Amino acid sequence: MDFLREIEGKRAHDPIFNDSGRSFIPGPVIVGAGPSGLATAACLKEKGIVSVILERSNCLASLWQRNTYDRLCLHLPKQFCELPLMPFPDHFPTYPSKQQFIEYLEAYADRFDIRPRFNETVARAEYDHKLGFWRVKTGTTEYMCRWLIVATGENAEAVVPEIKGKREFGGQIVHTSSYRSGDVYRGKRVLVVGCGNSGMEVCLDLCNHNARPSLVVRDSVHILPRQMLGKSTFGLSMWLLKWLPMRLVDRLLLLVSWFMLGDTGKFGLDRPKLGPLELKNLSGKTPVLDVGTLAKIKSGDIKICPGIKQLKRHAVEFVDGRTENFDAIIFATGYKSNVPFWLKERDMFSEEDGLPRRPFPNGWKGSCGLYAVGFTKRGLLGASMDARRISEDIERCWKVDAKRLTSKP
């Protein structure tokens, strides 16, 4: 890495870089110390490229450590969730728990000697065309780098919809990012808004703690068993897609689901017209993998409700005209990207949703050394694919720079 010393030596006497509040980074700057950022840093490290990770929280994987409920487990088998270069321990179960996944991430960071710079919130990042570098500003430092990797992901900020009468409700209103356990809701009437995997699992957790949950279902939803024919539904799907077209695989999945789960439409859970894989591929909407919630819905322990019209004092009026009393409301309404708030670039990322404009698998690379990891709507598997592509691309640039600088007389 002699050429790195040459670069740093030249810039040591340059007033643009020689500033107490400014830090020149020879390698990439990664924003976000979640699984996506860690995976990219590890892939770069394997290729001899040292990166700097900036993390707004004081821990890695803050979403997992601070904003998830206690009973959470990986929804997919561990072999589909491992990060590059390091598998899960053999003694971990097929579906590792939240705490086991955090332990895995901490061990991953230790193995690759990844040391994020915590409590560094990026307020602004923009490309300086005159200098040919990215300027990444935090509260105390301006980092200057050639490559900027956005790893803040699709789930940076909680989404809480505005509903008429929210101030009048009087009971507790929280997002699932603040939900830990159903124990504090024991004996209470709780309305869960959102029927994705989180909403379904929170309802089950509330049942297990003797609360009385109801679930708002506004849209159609695919519910599949987590296991089919002795294999994980996801693993079986991936295997079938090697041999069969997507629509045929969808038909098989729905046929087996009908035999195992019955007609979910009878319980207010209508299925979309598109199959689960086709819908996921087109819209990013993930099917629900049932872990026991459907049985509670069938037994009546969980009530299905239509959309909300407005909130009243300790009550909810639904769009069908019914009004029911509730002690608390939990929004399982997902998350959104925060990229447009700090990244001053409009070609790669959409201003509307903060996601790459180009669809998977081409959304990982922009211009001027800008990259995105973890925005594929394909979970940890998609993030790992991005991390490998980004590290390979930066390595090519790295080698070109090294050859150019070391070949000078």
# chains A, B, ... in the order shown; residues from 1 in each chain; ligands from 1

call {"tool": "closest_atom_pairs", "arguments": {"of": "stretch 299-333 of chain A", "to": "stretch 187-196 of chain A", "cutoff": "12 Å", "atoms": "only C-alpha atoms", "output": "tab-separated table"}}
result
residue	atom	partner	partner_atom	distance
A:Asp301	CA	A:Arg189	CA	11.5
A:Ile302	CA	A:Leu191	CA	9.8
A:Lys303	CA	A:Leu191	CA	9.2
A:Ile304	CA	A:Leu191	CA	9.7
A:Cys305	CA	A:Leu191	CA	8.9
A:Pro306	CA	A:Val193	CA	9.8
A:Gly307	CA	A:Val193	CA	8.5
A:Ile308	CA	A:Val193	CA	8.8
A:Leu311	CA	A:Leu191	CA	11.5
A:His314	CA	A:Arg189	CA	10.1
A:Ala315	CA	A:Leu191	CA	10.0
A:Val316	CA	A:Leu191	CA	8.9
A:Glu317	CA	A:Leu191	CA	11.8
A:Phe318	CA	A:Leu191	CA	11.6
A:Glu324	CA	A:Arg189	CA	9.7
A:Asn325	CA	A:Arg189	CA	7.6
A:Phe326	CA	A:Arg189	CA	4.9
A:Asp327	CA	A:Arg189	CA	5.3
A:Ala328	CA	A:Val190	CA	4.9
A:Ile329	CA	A:Leu191	CA	4.8
A:Ile330	CA	A:Val192	CA	4.8
A:Phe331	CA	A:Val193	CA	4.9
A:Ala332	CA	A:Gly194	CA	4.8
A:Thr333	CA	A:Gly194	CA	5.4

call {"tool": "residues_around", "arguments": {"residues": "A:Trp134", "least_positions_apart": "2", "cutoff": "6 Å", "atoms": "only C-alpha atoms", "output": "ChimeraX atom specification"}}
result
/A:126-128,144-146

call {"tool": "write_last_selection", "arguments": {"atoms": "all heavy atoms", "output": "mmCIF file, in the first residue's frame"}}
result
data_model
loop_
_atom_site.group_PDB
_atom_site.id
_atom_site.type_symbol
_atom_site.label_atom_id
_atom_site.label_comp_id
_atom_site.auth_asym_id
_atom_site.auth_seq_id
_atom_site.Cartn_x
_atom_site.Cartn_y
_atom_site.Cartn_z
ATOM 1 N N GLU A 126 -22.415 15.377 0.018
ATOM 2 C CA GLU A 126 -22.545 15.796 -1.372
ATOM 3 C C GLU A 126 -21.205 15.680 -2.076
ATOM 4 O O GLU A 126 -20.144 15.733 -1.451
ATOM 5 C CB GLU A 126 -23.092 17.216 -1.474
ATOM 6 C CG GLU A 126 -22.235 18.286 -0.841
ATOM 7 C CD GLU A 126 -22.886 19.660 -0.936
ATOM 8 O OE1 GLU A 126 -23.609 19.884 -1.921
ATOM 9 O OE2 GLU A 126 -22.689 20.473 -0.021
ATOM 10 N N TYR A 127 -21.278 15.532 -3.380
ATOM 11 C CA TYR A 127 -20.064 15.359 -4.169
ATOM 12 C C TYR A 127 -19.520 16.710 -4.610
ATOM 13 O O TYR A 127 -20.266 17.558 -5.117
ATOM 14 C CB TYR A 127 -20.354 14.490 -5.393
ATOM 15 C CG TYR A 127 -19.130 14.087 -6.163
ATOM 16 C CD1 TYR A 127 -18.242 13.156 -5.635
ATOM 17 C CD2 TYR A 127 -18.850 14.635 -7.411
ATOM 18 C CE1 TYR A 127 -17.101 12.775 -6.334
ATOM 19 C CE2 TYR A 127 -17.719 14.259 -8.124
ATOM 20 C CZ TYR A 127 -16.842 13.333 -7.575
ATOM 21 O OH TYR A 127 -15.709 12.957 -8.262
ATOM 22 N N ASP A 128 -18.227 16.915 -4.376
ATOM 23 C CA ASP A 128 -17.546 18.138 -4.793
ATOM 24 C C ASP A 128 -16.872 17.858 -6.141
ATOM 25 O O ASP A 128 -15.844 17.178 -6.210
ATOM 26 C CB ASP A 128 -16.498 18.530 -3.742
ATOM 27 C CG ASP A 128 -15.904 19.903 -4.006
ATOM 28 O OD1 ASP A 128 -15.668 20.237 -5.176
ATOM 29 O OD2 ASP A 128 -15.660 20.644 -3.021
ATOM 30 N N MET A 144 -13.756 13.436 3.919
ATOM 31 C CA MET A 144 -13.600 13.550 2.478
ATOM 32 C C MET A 144 -13.123 12.214 1.937
ATOM 33 O O MET A 144 -12.138 11.646 2.430
ATOM 34 C CB MET A 144 -12.624 14.669 2.135
ATOM 35 C CG MET A 144 -13.060 16.014 2.705
ATOM 36 S SD MET A 144 -12.064 17.391 2.107
ATOM 37 C CE MET A 144 -12.565 17.452 0.399
ATOM 38 N N CYS A 145 -13.851 11.698 0.954
ATOM 39 C CA CYS A 145 -13.536 10.365 0.453
ATOM 40 C C CYS A 145 -13.880 10.276 -1.027
ATOM 41 O O CYS A 145 -14.703 11.037 -1.538
ATOM 42 C CB CYS A 145 -14.316 9.310 1.238
ATOM 43 S SG CYS A 145 -16.107 9.558 1.190
ATOM 44 N N ARG A 146 -13.288 9.317 -1.687
ATOM 45 C CA ARG A 146 -13.572 9.098 -3.103
ATOM 46 C C ARG A 146 -14.823 8.244 -3.285
ATOM 47 O O ARG A 146 -15.553 8.400 -4.249
ATOM 48 C CB ARG A 146 -12.376 8.430 -3.780
ATOM 49 C CG ARG A 146 -12.631 8.198 -5.259
ATOM 50 C CD ARG A 146 -11.434 7.665 -5.984
ATOM 51 N NE ARG A 146 -11.805 7.258 -7.343
ATOM 52 C CZ ARG A 146 -10.983 6.637 -8.170
ATOM 53 N NH1 ARG A 146 -9.757 6.355 -7.798
ATOM 54 N NH2 ARG A 146 -11.384 6.294 -9.383
#

call {"tool": "closest_atom_pairs", "arguments": {"of": "stretch 292-370 of chain A", "to": "stretch 120-124 of chain A", "cutoff": "12 Å", "atoms": "only C-alpha atoms", "output": "Markdown table"}}
result
| residue | atom | partner | partner_atom | distance |
| --- | --- | --- | --- | --- |
| A:Asn338 | CA | A:Val122 | CA | 11.0 |
| A:Val339 | CA | A:Arg124 | CA | 9.9 |
| A:Pro340 | CA | A:Arg124 | CA | 9.8 |
| A:Phe341 | CA | A:Arg124 | CA | 7.9 |
| A:Trp342 | CA | A:Arg124 | CA | 4.5 |
| A:Leu343 | CA | A:Arg124 | CA | 5.9 |
| A:Lys344 | CA | A:Arg124 | CA | 7.0 |
| A:Glu345 | CA | A:Arg124 | CA | 10.3 |

call {"tool": "closest_residue", "arguments": {"among": "A:Gln310, A:Ser214, A:Ser181, A:Ser237", "to": "A:Leu76", "atoms": "only C-alpha atoms"}}
result
A:Ser237

call {"tool": "atom_distance", "arguments": {"atom1": "atom CA of A:Ser51", "atom2": "atom CA of A:Pro87"}}
result
22.1 Å
